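K.L.:
What follows is coords28.cif; its format and atoms are mmCIF, C-alpha atoms.
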data_structure
#
loop_
_atom_site.label_atom_id
_atom_site.label_comp_id
_atom_site.auth_asym_id
_atom_site.auth_seq_id
_atom_site.Cartn_x
_atom_site.Cartn_y
_atom_site.Cartn_z
CA MET A 454 59.94 -11.18 29.90
CA PRO A 455 58.49 -8.04 28.26
CA ALA A 456 58.60 -4.78 30.18
CA ALA A 457 55.73 -4.74 32.64
CA ARG A 458 52.90 -2.88 30.98
CA HIS A 459 51.54 -1.52 34.25
CA ASP A 460 54.68 0.57 34.58
CA ARG A 461 53.80 2.75 31.63
CA LEU A 462 50.58 4.08 33.14
CA PRO A 463 51.78 7.42 34.49
CA ALA A 464 52.91 8.49 31.01
CA LYS A 465 49.53 7.51 29.62
CA LYS A 466 47.65 9.61 32.12
CA THR A 467 49.88 12.62 31.93
CA ALA A 468 48.49 15.48 29.91
CA ARG A 469 51.75 17.43 30.04
CA GLY A 470 55.35 16.72 30.89
CA ALA A 471 56.65 16.48 34.42
CA ALA A 472 57.61 20.15 34.34
CA GLY A 473 54.02 21.43 34.05
CA PRO A 474 50.73 20.68 35.75
CA VAL A 475 49.34 17.18 35.31
CA ALA A 476 45.66 16.31 34.92
CA ARG A 477 44.59 12.89 36.05
CA PHE A 478 41.24 11.14 36.03
CA ARG A 479 40.67 8.49 38.60
CA LEU A 480 37.73 6.20 38.39
CA ARG A 481 36.55 4.62 41.59
CA VAL A 482 33.59 2.35 42.12
CA THR A 483 32.32 2.27 45.67
CA ALA A 484 29.93 -0.29 47.11
CA GLY A 485 28.75 0.91 50.49
CA GLU A 486 31.83 2.11 52.39
CA VAL A 487 34.31 0.07 50.36
CA ILE A 488 36.18 1.16 47.24
CA ALA A 489 35.31 -1.89 45.20
CA VAL A 490 37.38 -0.93 42.16
CA GLY A 491 40.00 1.79 41.89
CA PRO A 492 43.37 2.46 40.28
CA GLY A 493 45.35 0.46 42.84
CA LYS A 494 43.33 -2.72 42.35
CA ILE A 495 43.43 -2.44 38.57
CA SER A 496 47.21 -1.97 38.59
CA LEU A 497 47.47 -5.04 40.81
CA LEU A 498 45.41 -7.13 38.38
CA GLU A 499 47.61 -5.99 35.50
CA ALA A 500 50.71 -6.89 37.46
CA ILE A 501 49.31 -10.35 38.22
CA ALA A 502 48.51 -10.85 34.53
CA HIS A 503 52.07 -9.92 33.59
CA THR A 504 53.98 -11.71 36.31
CA GLY A 505 51.78 -14.78 36.87
CA SER A 506 51.89 -14.59 40.65
CA LEU A 507 50.67 -12.41 43.45
CA THR A 508 54.11 -12.40 45.09
CA ALA A 509 55.82 -11.14 41.93
CA ALA A 510 52.98 -8.69 41.25
CA ALA A 511 53.28 -7.20 44.73
CA LYS A 512 57.03 -6.88 44.32
CA SER A 513 56.74 -5.21 40.92
CA LEU A 514 54.41 -2.63 42.48
CA ASP A 515 56.67 -2.09 45.50
CA MET A 516 53.87 -3.35 47.71
CA SER A 517 53.98 -5.84 50.55
CA TYR A 518 52.56 -9.29 49.85
CA ARG A 519 50.11 -8.73 52.68
CA ARG A 520 48.83 -5.47 51.22
CA ALA A 521 48.46 -7.04 47.78
CA TRP A 522 46.61 -10.01 49.24
CA LEU A 523 44.23 -7.76 51.17
CA LEU A 524 43.52 -5.61 48.08
CA LEU A 525 42.80 -8.67 46.00
CA ASP A 526 40.61 -10.21 48.69
CA GLU A 527 38.61 -6.99 48.95
CA LEU A 528 38.23 -6.88 45.16
CA ASN A 529 37.14 -10.52 44.91
CA ARG A 530 34.55 -10.00 47.64
CA ALA A 531 33.19 -6.94 45.84
CA LEU A 532 32.72 -8.78 42.55
CA LYS A 533 29.99 -11.26 41.67
CA GLN A 534 32.76 -13.63 40.57
CA PRO A 535 36.45 -13.48 41.52
CA ALA A 536 38.95 -11.63 39.32
CA VAL A 537 41.86 -13.96 40.03
CA ASP A 538 42.36 -17.73 40.21
CA SER A 539 45.15 -18.75 42.55
CA ALA A 540 46.68 -22.17 42.19
CA LYS A 541 47.15 -24.02 45.45
CA GLY A 542 50.63 -24.74 46.74
CA GLY A 543 51.48 -23.06 50.00
CA GLN A 544 50.72 -19.53 51.04
CA HIS A 545 53.09 -17.84 48.58
CA GLY A 546 53.76 -20.83 46.38
CA GLY A 547 51.10 -21.09 43.70
CA GLY A 548 50.76 -19.07 40.56
CA SER A 549 47.88 -16.67 39.96
CA ALA A 550 46.06 -15.73 36.77
CA LEU A 551 43.18 -13.46 35.90
CA THR A 552 39.78 -15.03 35.35
CA ASP A 553 37.57 -13.94 32.45
CA VAL A 554 35.93 -11.51 34.84
CA GLY A 555 39.31 -10.14 35.91
CA ARG A 556 40.34 -9.60 32.30
CA GLU A 557 37.04 -7.94 31.45
CA LEU A 558 37.32 -5.65 34.46
CA VAL A 559 40.80 -4.44 33.44
CA VAL A 560 39.79 -3.91 29.81
CA LEU A 561 36.66 -1.96 30.77
CA TYR A 562 38.47 0.16 33.35
CA ARG A 563 41.31 1.14 31.02
CA ARG A 564 38.96 1.72 28.10
CA ILE A 565 36.83 4.00 30.26
CA GLU A 566 39.93 6.00 31.19
CA ASP A 567 41.09 6.22 27.57
CA ARG A 568 37.70 7.28 26.23
CA ALA A 569 37.25 9.82 28.98
CA ALA A 570 40.66 11.31 28.20
CA LYS A 571 39.94 11.47 24.47
CA ALA A 572 36.46 12.95 24.91
CA THR A 573 37.80 15.73 27.11
CA ALA A 574 41.19 16.49 25.60
CA ALA A 575 40.35 19.96 24.31
CA ASP A 576 38.77 21.15 27.57
CA MET A 577 41.58 19.55 29.55
CA LYS A 578 44.10 21.55 27.57
CA ARG A 579 42.20 24.77 28.26
CA LEU A 580 41.93 23.94 31.96
CA LEU A 581 45.66 23.23 32.20
CA GLY A 582 46.26 26.56 30.50
CA LEU A 583 44.79 28.31 33.57
CA ILE A 584 47.35 26.75 35.91
CA ALA A 585 50.55 28.60 36.71
CA GLY A 586 52.73 25.52 37.37
CA MET B 1125 17.59 32.04 47.33
CA PRO B 1126 17.56 29.11 44.94
CA ALA B 1127 18.63 25.72 46.22
CA ALA B 1128 22.41 25.59 46.24
CA ARG B 1129 23.47 23.93 43.01
CA HIS B 1130 26.59 22.42 44.53
CA ASP B 1131 24.37 20.18 46.64
CA ARG B 1132 23.11 18.27 43.63
CA LEU B 1133 26.47 16.89 42.61
CA PRO B 1134 26.33 13.44 44.17
CA ALA B 1135 23.15 12.62 42.26
CA LYS B 1136 24.75 13.77 39.02
CA LYS B 1137 27.78 11.59 39.48
CA THR B 1138 25.92 8.50 40.58
CA ALA B 1139 25.66 5.83 37.94
CA ARG B 1140 23.22 3.81 40.06
CA GLY B 1141 20.99 4.42 43.04
CA ALA B 1142 22.33 4.50 46.58
CA ALA B 1143 21.50 0.82 46.97
CA GLY B 1144 23.99 -0.40 44.35
CA PRO B 1145 27.63 0.31 43.54
CA VAL B 1146 28.49 3.84 42.51
CA ALA B 1147 31.05 4.81 39.86
CA ARG B 1148 32.73 8.15 40.24
CA PHE B 1149 35.28 9.97 38.16
CA ARG B 1150 37.49 12.42 39.94
CA LEU B 1151 39.63 14.82 38.05
CA ARG B 1152 42.65 16.23 39.81
CA VAL B 1153 45.27 18.56 38.44
CA THR B 1154 48.55 18.45 40.28
CA ALA B 1155 51.34 20.99 39.98
CA GLY B 1156 54.42 19.63 41.68
CA GLU B 1157 53.32 18.21 45.03
CA VAL B 1158 50.14 20.26 45.28
CA ILE B 1159 46.67 19.31 44.07
CA ALA B 1160 46.05 22.54 42.18
CA VAL B 1161 42.49 21.71 41.18
CA GLY B 1162 40.27 18.94 42.50
CA PRO B 1163 36.68 18.25 43.42
CA GLY B 1164 36.88 20.02 46.80
CA LYS B 1165 38.13 23.28 45.34
CA ILE B 1166 35.59 23.25 42.53
CA SER B 1167 32.74 22.66 44.99
CA LEU B 1168 34.05 25.57 47.04
CA LEU B 1169 34.06 27.87 44.00
CA GLU B 1170 30.50 26.83 43.19
CA ALA B 1171 29.45 27.52 46.77
CA ILE B 1172 31.08 30.97 46.66
CA ALA B 1173 29.28 31.71 43.39
CA HIS B 1174 25.95 30.73 44.94
CA THR B 1175 26.32 32.28 48.36
CA GLY B 1176 28.39 35.38 47.54
CA SER B 1177 30.79 34.95 50.45
CA LEU B 1178 33.52 32.64 51.63
CA THR B 1179 31.97 32.41 55.10
CA ALA B 1180 28.60 31.30 53.76
CA ALA B 1181 30.25 29.00 51.23
CA ALA B 1182 32.26 27.27 53.95
CA LYS B 1183 29.15 26.88 56.07
CA SER B 1184 27.12 25.43 53.19
CA LEU B 1185 29.86 22.81 52.69
CA ASP B 1186 30.11 22.04 56.41
CA MET B 1187 33.70 23.24 56.33
CA SER B 1188 35.54 25.54 58.71
CA TYR B 1189 36.21 29.06 57.49
CA ARG B 1190 39.89 28.42 57.99
CA ARG B 1191 39.87 25.31 55.82
CA ALA B 1192 37.91 27.09 53.08
CA TRP B 1193 40.31 30.03 53.18
CA LEU B 1194 43.32 27.73 52.91
CA LEU B 1195 41.82 25.80 49.99
CA LEU B 1196 41.05 29.00 48.16
CA ASP B 1197 44.49 30.43 48.86
CA GLU B 1198 46.11 27.27 47.52
CA LEU B 1199 43.93 27.42 44.41
CA ASN B 1200 44.63 31.09 43.75
CA ARG B 1201 48.37 30.49 44.06
CA ALA B 1202 48.17 27.58 41.61
CA LEU B 1203 46.40 29.65 38.95
CA LYS B 1204 47.92 32.25 36.66
CA GLN B 1205 45.17 34.62 37.82
CA PRO B 1206 43.00 34.27 40.94
CA ALA B 1207 39.64 32.49 40.80
CA VAL B 1208 37.94 34.69 43.39
CA ASP B 1209 37.76 38.40 44.11
CA SER B 1210 37.20 39.17 47.77
CA ALA B 1211 35.88 42.58 48.71
CA LYS B 1212 37.69 44.21 51.57
CA GLY B 1213 35.91 44.72 54.87
CA GLY B 1214 37.44 42.85 57.78
CA GLN B 1215 38.59 39.28 57.84
CA HIS B 1216 35.17 37.67 57.43
CA GLY B 1217 33.33 40.77 56.41
CA GLY B 1218 33.52 41.23 52.67
CA GLY B 1219 31.67 39.42 49.95
CA SER B 1220 33.40 37.19 47.44
CA ALA B 1221 32.67 36.52 43.80
CA LEU B 1222 34.24 34.41 41.10
CA THR B 1223 36.48 36.12 38.59
CA ASP B 1224 36.22 35.29 34.88
CA VAL B 1225 38.99 32.76 35.43
CA GLY B 1226 37.12 31.20 38.35
CA ARG B 1227 33.95 30.87 36.27
CA GLU B 1228 35.86 29.37 33.36
CA LEU B 1229 37.57 26.90 35.66
CA VAL B 1230 34.26 25.65 37.07
CA VAL B 1231 32.65 25.40 33.63
CA LEU B 1232 35.59 23.48 32.18
CA TYR B 1233 35.88 21.14 35.16
CA ARG B 1234 32.20 20.22 35.20
CA ARG B 1235 32.05 19.91 31.41
CA ILE B 1236 35.02 17.55 31.49
CA GLU B 1237 33.22 15.41 34.08
CA ASP B 1238 30.00 15.41 32.07
CA ARG B 1239 31.65 14.54 28.77
CA ALA B 1240 33.75 11.83 30.38
CA ALA B 1241 30.61 10.32 31.91
CA LYS B 1242 28.71 10.43 28.62
CA ALA B 1243 31.58 9.04 26.56
CA THR B 1244 31.93 6.07 28.89
CA ALA B 1245 28.34 5.34 29.91
CA ALA B 1246 28.03 1.97 28.16
CA ASP B 1247 31.33 0.59 29.51
CA MET B 1248 30.54 2.00 32.93
CA LYS B 1249 27.28 0.08 32.97
CA ARG B 1250 29.08 -3.14 32.05
CA LEU B 1251 31.70 -2.54 34.71
CA LEU B 1252 29.07 -1.92 37.37
CA GLY B 1253 27.40 -5.15 36.27
CA LEU B 1254 30.46 -7.06 37.52
CA ILE B 1255 30.11 -5.70 41.05
CA ALA B 1256 28.16 -7.65 43.64
CA GLY B 1257 26.99 -4.67 45.77
#
Once more with this new file: its structure as structure tokens, please.

P.N.:
Amino acid sequence: MPAARHDRLPAKKTARGAAGPVARFRLRVTAGEVIAVGPGKISLLEAIAHTGSLTAAAKSLDMSYRRAWLLLDELNRALKQPAVDSAKGGQHGGGSALTDVGRELVVLYRRIEDRAAKATAADMKRLLGLIAG
Amino acid sequence: MPAARHDRLPAKKTARGAAGPVARFRLRVTAGEVIAVGPGKISLLEAIAHTGSLTAAAKSLDMSYRRAWLLLDELNRALKQPAVDSAKGGQHGGGSALTDVGRELVVLYRRIEDRAAKATAADMKRLLGLIAG
């Protein structure tokens, strides 16, 4: 199995090494009081895509199955169509895969982060230059 | 006194009206364990710039003086040079104004937000289109 892609994210978002200050964009979409889409849910979708099950995805993120299930349920309710298809077969038994909507959501979210980082790189560098860390 | 500019921020960051889902970028700079720069500290600097004092700034943000003072202290410690000059004159007495560094920090932070929003507007619209809200 290839190295889980969702594990490389911190490096991607880090504008400097661990020794200095770190700038991080977080994109959240709220609908009413609920965070419909945020970094935690997107990482969970990526982990499901790479592991093929919610149980394995939760484990790879060091998250309880219950917490992963609740996050995914909240996400699916927030979307017009669900992001994940879960095969039947007992509570923890079936496999899970992203739907077209789930895949589109991940692509859009990560592309938004990448483009935002690229569009602001010069200013970000100047801002980090003001920090003592 | 002109309307406080820091009060217009929600509208600026809203990709849709209050009725639908709202996408929001937040930029945070961490140095070690501390959030050196984030949306709360930038709003506080803007409020100080507009009101001319930490007391008035705290009040305009519905924040205790103590909380505002602690935020500002944390920010000043995180920066190579302080963001705010406070005139002497008793604990709550003196006026406060942004230093050159404080002004630069606010300009950079808000410009980064603006450019990120512009660079990602099309994808953001597609992403919001997936949300039921």

K.L.:
Could you list, as a PyMOL selection string, every residue matched by the PyMOL selection byres ((chain B) within 6 of (chain A)) in this structure?

P.N.:
chain B and resi 1145-1155+1202-1204+1236+1240+1244+1254-1257

K.L.:
Step by step, work through what the PyMOL selection byres ((chain A and resi 510) around 10) selects in the shown file, and finish by giving those residues as a PyMOL selection string.

P.N.:
chain A and resi 457+496-509+511-518+521+549

K.L.:
Just need chain A moved onto chain B: least-squares over all Cα atoms matched in order, then output as a PDB file with C-alpha atoms, keeping the file's coordinate frame.

P.N.:
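The resulting file, superposed_31.pdb, is shown below:
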ATOM      1  CA  MET A 454      17.609  32.108  47.361  1.00  0.00           C
ATOM      2  CA  PRO A 455      17.562  29.129  44.957  1.00  0.00           C
ATOM      3  CA  ALA A 456      18.656  25.744  46.249  1.00  0.00           C
ATOM      4  CA  ALA A 457      22.434  25.616  46.228  1.00  0.00           C
ATOM      5  CA  ARG A 458      23.449  23.954  42.998  1.00  0.00           C
ATOM      6  CA  HIS A 459      26.582  22.413  44.481  1.00  0.00           C
ATOM      7  CA  ASP A 460      24.372  20.218  46.633  1.00  0.00           C
ATOM      8  CA  ARG A 461      23.061  18.270  43.681  1.00  0.00           C
ATOM      9  CA  LEU A 462      26.453  16.931  42.624  1.00  0.00           C
ATOM     10  CA  PRO A 463      26.348  13.474  44.192  1.00  0.00           C
ATOM     11  CA  ALA A 464      23.195  12.613  42.230  1.00  0.00           C
ATOM     12  CA  LYS A 465      24.869  13.781  39.044  1.00  0.00           C
ATOM     13  CA  LYS A 466      27.875  11.568  39.555  1.00  0.00           C
ATOM     14  CA  THR A 467      25.993   8.517  40.656  1.00  0.00           C
ATOM     15  CA  ALA A 468      25.659   5.842  38.025  1.00  0.00           C
ATOM     16  CA  ARG A 469      23.231   3.797  40.115  1.00  0.00           C
ATOM     17  CA  GLY A 470      21.077   4.345  43.156  1.00  0.00           C
ATOM     18  CA  ALA A 471      22.404   4.307  46.684  1.00  0.00           C
ATOM     19  CA  ALA A 472      21.540   0.625  46.993  1.00  0.00           C
ATOM     20  CA  GLY A 473      24.038  -0.530  44.341  1.00  0.00           C
ATOM     21  CA  PRO A 474      27.656   0.194  43.528  1.00  0.00           C
ATOM     22  CA  VAL A 475      28.503   3.754  42.533  1.00  0.00           C
ATOM     23  CA  ALA A 476      31.054   4.752  39.898  1.00  0.00           C
ATOM     24  CA  ARG A 477      32.681   8.115  40.291  1.00  0.00           C
ATOM     25  CA  PHE A 478      35.245   9.956  38.211  1.00  0.00           C
ATOM     26  CA  ARG A 479      37.417  12.439  39.963  1.00  0.00           C
ATOM     27  CA  LEU A 480      39.559  14.820  38.046  1.00  0.00           C
ATOM     28  CA  ARG A 481      42.578  16.210  39.799  1.00  0.00           C
ATOM     29  CA  VAL A 482      45.218  18.521  38.426  1.00  0.00           C
ATOM     30  CA  THR A 483      48.500  18.394  40.280  1.00  0.00           C
ATOM     31  CA  ALA A 484      51.309  20.916  39.985  1.00  0.00           C
ATOM     32  CA  GLY A 485      54.382  19.522  41.679  1.00  0.00           C
ATOM     33  CA  GLU A 486      53.263  18.109  45.039  1.00  0.00           C
ATOM     34  CA  VAL A 487      50.108  20.212  45.270  1.00  0.00           C
ATOM     35  CA  ILE A 488      46.629  19.285  44.062  1.00  0.00           C
ATOM     36  CA  ALA A 489      46.027  22.491  42.169  1.00  0.00           C
ATOM     37  CA  VAL A 490      42.452  21.683  41.160  1.00  0.00           C
ATOM     38  CA  GLY A 491      40.229  18.915  42.476  1.00  0.00           C
ATOM     39  CA  PRO A 492      36.611  18.262  43.416  1.00  0.00           C
ATOM     40  CA  GLY A 493      36.831  20.026  46.779  1.00  0.00           C
ATOM     41  CA  LYS A 494      38.114  23.288  45.314  1.00  0.00           C
ATOM     42  CA  ILE A 495      35.564  23.264  42.508  1.00  0.00           C
ATOM     43  CA  SER A 496      32.704  22.687  44.958  1.00  0.00           C
ATOM     44  CA  LEU A 497      34.029  25.590  47.018  1.00  0.00           C
ATOM     45  CA  LEU A 498      34.050  27.898  43.986  1.00  0.00           C
ATOM     46  CA  GLU A 499      30.478  26.896  43.171  1.00  0.00           C
ATOM     47  CA  ALA A 500      29.432  27.573  46.736  1.00  0.00           C
ATOM     48  CA  ILE A 501      31.069  31.011  46.638  1.00  0.00           C
ATOM     49  CA  ALA A 502      29.276  31.784  43.367  1.00  0.00           C
ATOM     50  CA  HIS A 503      25.946  30.820  44.918  1.00  0.00           C
ATOM     51  CA  THR A 504      26.319  32.366  48.341  1.00  0.00           C
ATOM     52  CA  GLY A 505      28.421  35.451  47.543  1.00  0.00           C
ATOM     53  CA  SER A 506      30.802  35.001  50.452  1.00  0.00           C
ATOM     54  CA  LEU A 507      33.503  32.670  51.614  1.00  0.00           C
ATOM     55  CA  THR A 508      31.970  32.451  55.097  1.00  0.00           C
ATOM     56  CA  ALA A 509      28.583  31.362  53.741  1.00  0.00           C
ATOM     57  CA  ALA A 510      30.231  29.045  51.203  1.00  0.00           C
ATOM     58  CA  ALA A 511      32.242  27.313  53.919  1.00  0.00           C
ATOM     59  CA  LYS A 512      29.128  26.916  56.035  1.00  0.00           C
ATOM     60  CA  SER A 513      27.088  25.491  53.165  1.00  0.00           C
ATOM     61  CA  LEU A 514      29.810  22.877  52.639  1.00  0.00           C
ATOM     62  CA  ASP A 515      30.059  22.069  56.355  1.00  0.00           C
ATOM     63  CA  MET A 516      33.652  23.253  56.282  1.00  0.00           C
ATOM     64  CA  SER A 517      35.481  25.539  58.670  1.00  0.00           C
ATOM     65  CA  TYR A 518      36.180  29.068  57.457  1.00  0.00           C
ATOM     66  CA  ARG A 519      39.869  28.385  57.952  1.00  0.00           C
ATOM     67  CA  ARG A 520      39.808  25.270  55.787  1.00  0.00           C
ATOM     68  CA  ALA A 521      37.879  27.081  53.061  1.00  0.00           C
ATOM     69  CA  TRP A 522      40.302  29.995  53.162  1.00  0.00           C
ATOM     70  CA  LEU A 523      43.311  27.686  52.906  1.00  0.00           C
ATOM     71  CA  LEU A 524      41.780  25.773  49.962  1.00  0.00           C
ATOM     72  CA  LEU A 525      41.038  28.987  48.137  1.00  0.00           C
ATOM     73  CA  ASP A 526      44.489  30.401  48.844  1.00  0.00           C
ATOM     74  CA  GLU A 527      46.097  27.228  47.509  1.00  0.00           C
ATOM     75  CA  LEU A 528      43.907  27.388  44.395  1.00  0.00           C
ATOM     76  CA  ASN A 529      44.654  31.066  43.749  1.00  0.00           C
ATOM     77  CA  ARG A 530      48.385  30.434  44.081  1.00  0.00           C
ATOM     78  CA  ALA A 531      48.168  27.543  41.621  1.00  0.00           C
ATOM     79  CA  LEU A 532      46.418  29.616  38.962  1.00  0.00           C
ATOM     80  CA  LYS A 533      47.967  32.226  36.690  1.00  0.00           C
ATOM     81  CA  GLN A 534      45.208  34.587  37.834  1.00  0.00           C
ATOM     82  CA  PRO A 535      43.031  34.269  40.950  1.00  0.00           C
ATOM     83  CA  ALA A 536      39.659  32.503  40.793  1.00  0.00           C
ATOM     84  CA  VAL A 537      37.975  34.697  43.392  1.00  0.00           C
ATOM     85  CA  ASP A 538      37.802  38.430  44.118  1.00  0.00           C
ATOM     86  CA  SER A 539      37.242  39.209  47.776  1.00  0.00           C
ATOM     87  CA  ALA A 540      35.929  42.601  48.743  1.00  0.00           C
ATOM     88  CA  LYS A 541      37.745  44.210  51.638  1.00  0.00           C
ATOM     89  CA  GLY A 542      35.970  44.742  54.934  1.00  0.00           C
ATOM     90  CA  GLY A 543      37.417  42.820  57.829  1.00  0.00           C
ATOM     91  CA  GLN A 544      38.589  39.250  57.870  1.00  0.00           C
ATOM     92  CA  HIS A 545      35.149  37.666  57.444  1.00  0.00           C
ATOM     93  CA  GLY A 546      33.275  40.780  56.432  1.00  0.00           C
ATOM     94  CA  GLY A 547      33.544  41.297  52.692  1.00  0.00           C
ATOM     95  CA  GLY A 548      31.704  39.506  49.960  1.00  0.00           C
ATOM     96  CA  SER A 549      33.436  37.235  47.459  1.00  0.00           C
ATOM     97  CA  ALA A 550      32.708  36.566  43.799  1.00  0.00           C
ATOM     98  CA  LEU A 551      34.267  34.443  41.104  1.00  0.00           C
ATOM     99  CA  THR A 552      36.518  36.142  38.579  1.00  0.00           C
ATOM    100  CA  ASP A 553      36.271  35.315  34.872  1.00  0.00           C
ATOM    101  CA  VAL A 554      39.016  32.775  35.434  1.00  0.00           C
ATOM    102  CA  GLY A 555      37.125  31.240  38.352  1.00  0.00           C
ATOM    103  CA  ARG A 556      33.975  30.919  36.264  1.00  0.00           C
ATOM    104  CA  GLU A 557      35.879  29.415  33.352  1.00  0.00           C
ATOM    105  CA  LEU A 558      37.579  26.918  35.644  1.00  0.00           C
ATOM    106  CA  VAL A 559      34.251  25.683  37.062  1.00  0.00           C
ATOM    107  CA  VAL A 560      32.632  25.430  33.628  1.00  0.00           C
ATOM    108  CA  LEU A 561      35.583  23.508  32.172  1.00  0.00           C
ATOM    109  CA  TYR A 562      35.848  21.167  35.151  1.00  0.00           C
ATOM    110  CA  ARG A 563      32.154  20.269  35.179  1.00  0.00           C
ATOM    111  CA  ARG A 564      32.012  19.956  31.402  1.00  0.00           C
ATOM    112  CA  ILE A 565      34.982  17.595  31.481  1.00  0.00           C
ATOM    113  CA  GLU A 566      33.196  15.449  34.066  1.00  0.00           C
ATOM    114  CA  ASP A 567      29.948  15.445  32.078  1.00  0.00           C
ATOM    115  CA  ARG A 568      31.615  14.574  28.779  1.00  0.00           C
ATOM    116  CA  ALA A 569      33.692  11.866  30.382  1.00  0.00           C
ATOM    117  CA  ALA A 570      30.566  10.337  31.915  1.00  0.00           C
ATOM    118  CA  LYS A 571      28.672  10.453  28.621  1.00  0.00           C
ATOM    119  CA  ALA A 572      31.559   9.045  26.577  1.00  0.00           C
ATOM    120  CA  THR A 573      31.916   6.084  28.916  1.00  0.00           C
ATOM    121  CA  ALA A 574      28.346   5.334  29.937  1.00  0.00           C
ATOM    122  CA  ALA A 575      28.058   1.986  28.173  1.00  0.00           C
ATOM    123  CA  ASP A 576      31.356   0.621  29.517  1.00  0.00           C
ATOM    124  CA  MET A 577      30.559   2.002  32.957  1.00  0.00           C
ATOM    125  CA  LYS A 578      27.312   0.072  32.969  1.00  0.00           C
ATOM    126  CA  ARG A 579      29.125  -3.133  32.023  1.00  0.00           C
ATOM    127  CA  LEU A 580      31.766  -2.551  34.695  1.00  0.00           C
ATOM    128  CA  LEU A 581      29.116  -1.964  37.361  1.00  0.00           C
ATOM    129  CA  GLY A 582      27.473  -5.185  36.238  1.00  0.00           C
ATOM    130  CA  LEU A 583      30.550  -7.099  37.471  1.00  0.00           C
ATOM    131  CA  ILE A 584      30.177  -5.775  41.016  1.00  0.00           C
ATOM    132  CA  ALA A 585      28.234  -7.765  43.579  1.00  0.00           C
ATOM    133  CA  GLY A 586      27.087  -4.800  45.716  1.00  0.00           C
TER     134      GLY A 586
END

K.L.:
What does the structure give for the distance between atom CA of Arg1234 of chain B and atom CA of Ser1210 of chain B, in Å to one decimal?

P.N.:
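Straight-line distance from atom CA of Arg1234 of chain B to atom CA of Ser1210 of chain B works out to 23.3 Å.
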
K.L.:
What separation in Å, quoted to one decimal, exists between atom CA of Leu524 of chain A and atom CA of Gly493 of chain A?

P.N.:
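Distance between the two atoms: 8.2 Å.
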
K.L.:
When you draw a straight line from atom CA of Leu1194 of chain B to atom CA of Asp1209 of chain B, how long is it in Å?

P.N.:
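Pair atom CA of Leu1194 of chain B / atom CA of Asp1209 of chain B returns 14.9 Å.
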
K.L.:
Please output segment 1182-1192 of chain B, rebuilt to include N, CA, C and O atoms, as a PDB file, in the coordinates of the input.

P.N.:
ATOM      1  N   ALA B1182      31.690  28.263  53.033  1.00  0.00           N
ATOM      2  CA  ALA B1182      32.260  27.270  53.950  1.00  0.00           C
ATOM      3  C   ALA B1182      31.153  26.592  54.749  1.00  0.00           C
ATOM      4  O   ALA B1182      31.109  25.367  54.875  1.00  0.00           O
ATOM      5  N   LYS B1183      30.238  27.415  55.261  1.00  0.00           N
ATOM      6  CA  LYS B1183      29.150  26.880  56.070  1.00  0.00           C
ATOM      7  C   LYS B1183      28.291  25.910  55.257  1.00  0.00           C
ATOM      8  O   LYS B1183      27.918  24.842  55.737  1.00  0.00           O
ATOM      9  N   SER B1184      27.989  26.276  54.025  1.00  0.00           N
ATOM     10  CA  SER B1184      27.120  25.430  53.190  1.00  0.00           C
ATOM     11  C   SER B1184      27.795  24.093  52.867  1.00  0.00           C
ATOM     12  O   SER B1184      27.128  23.120  52.534  1.00  0.00           O
ATOM     13  N   LEU B1185      29.121  24.063  52.960  1.00  0.00           N
ATOM     14  CA  LEU B1185      29.860  22.810  52.690  1.00  0.00           C
ATOM     15  C   LEU B1185      30.260  22.109  53.981  1.00  0.00           C
ATOM     16  O   LEU B1185      30.995  21.124  53.948  1.00  0.00           O
ATOM     17  N   ASP B1186      29.778  22.655  55.126  1.00  0.00           N
ATOM     18  CA  ASP B1186      30.110  22.040  56.410  1.00  0.00           C
ATOM     19  C   ASP B1186      31.621  22.017  56.629  1.00  0.00           C
ATOM     20  O   ASP B1186      32.192  21.025  57.087  1.00  0.00           O
ATOM     21  N   MET B1187      32.238  23.139  56.306  1.00  0.00           N
ATOM     22  CA  MET B1187      33.700  23.240  56.330  1.00  0.00           C
ATOM     23  C   MET B1187      34.045  24.447  57.206  1.00  0.00           C
ATOM     24  O   MET B1187      33.294  25.421  57.230  1.00  0.00           O
ATOM     25  N   SER B1188      35.160  24.377  57.912  1.00  0.00           N
ATOM     26  CA  SER B1188      35.540  25.540  58.710  1.00  0.00           C
ATOM     27  C   SER B1188      35.949  26.682  57.793  1.00  0.00           C
ATOM     28  O   SER B1188      36.411  26.459  56.661  1.00  0.00           O
ATOM     29  N   TYR B1189      35.779  27.907  58.280  1.00  0.00           N
ATOM     30  CA  TYR B1189      36.210  29.060  57.490  1.00  0.00           C
ATOM     31  C   TYR B1189      37.686  28.959  57.177  1.00  0.00           C
ATOM     32  O   TYR B1189      38.116  29.225  56.051  1.00  0.00           O
ATOM     33  N   ARG B1190      38.450  28.526  58.171  1.00  0.00           N
ATOM     34  CA  ARG B1190      39.890  28.420  57.990  1.00  0.00           C
ATOM     35  C   ARG B1190      40.263  27.445  56.861  1.00  0.00           C
ATOM     36  O   ARG B1190      41.102  27.734  56.018  1.00  0.00           O
ATOM     37  N   ARG B1191      39.585  26.311  56.865  1.00  0.00           N
ATOM     38  CA  ARG B1191      39.870  25.310  55.820  1.00  0.00           C
ATOM     39  C   ARG B1191      39.485  25.860  54.445  1.00  0.00           C
ATOM     40  O   ARG B1191      40.231  25.687  53.469  1.00  0.00           O
ATOM     41  N   ALA B1192      38.344  26.522  54.362  1.00  0.00           N
ATOM     42  CA  ALA B1192      37.910  27.090  53.080  1.00  0.00           C
ATOM     43  C   ALA B1192      38.907  28.139  52.599  1.00  0.00           C
ATOM     44  O   ALA B1192      39.262  28.193  51.425  1.00  0.00           O
TER      45      ALA B1192
END
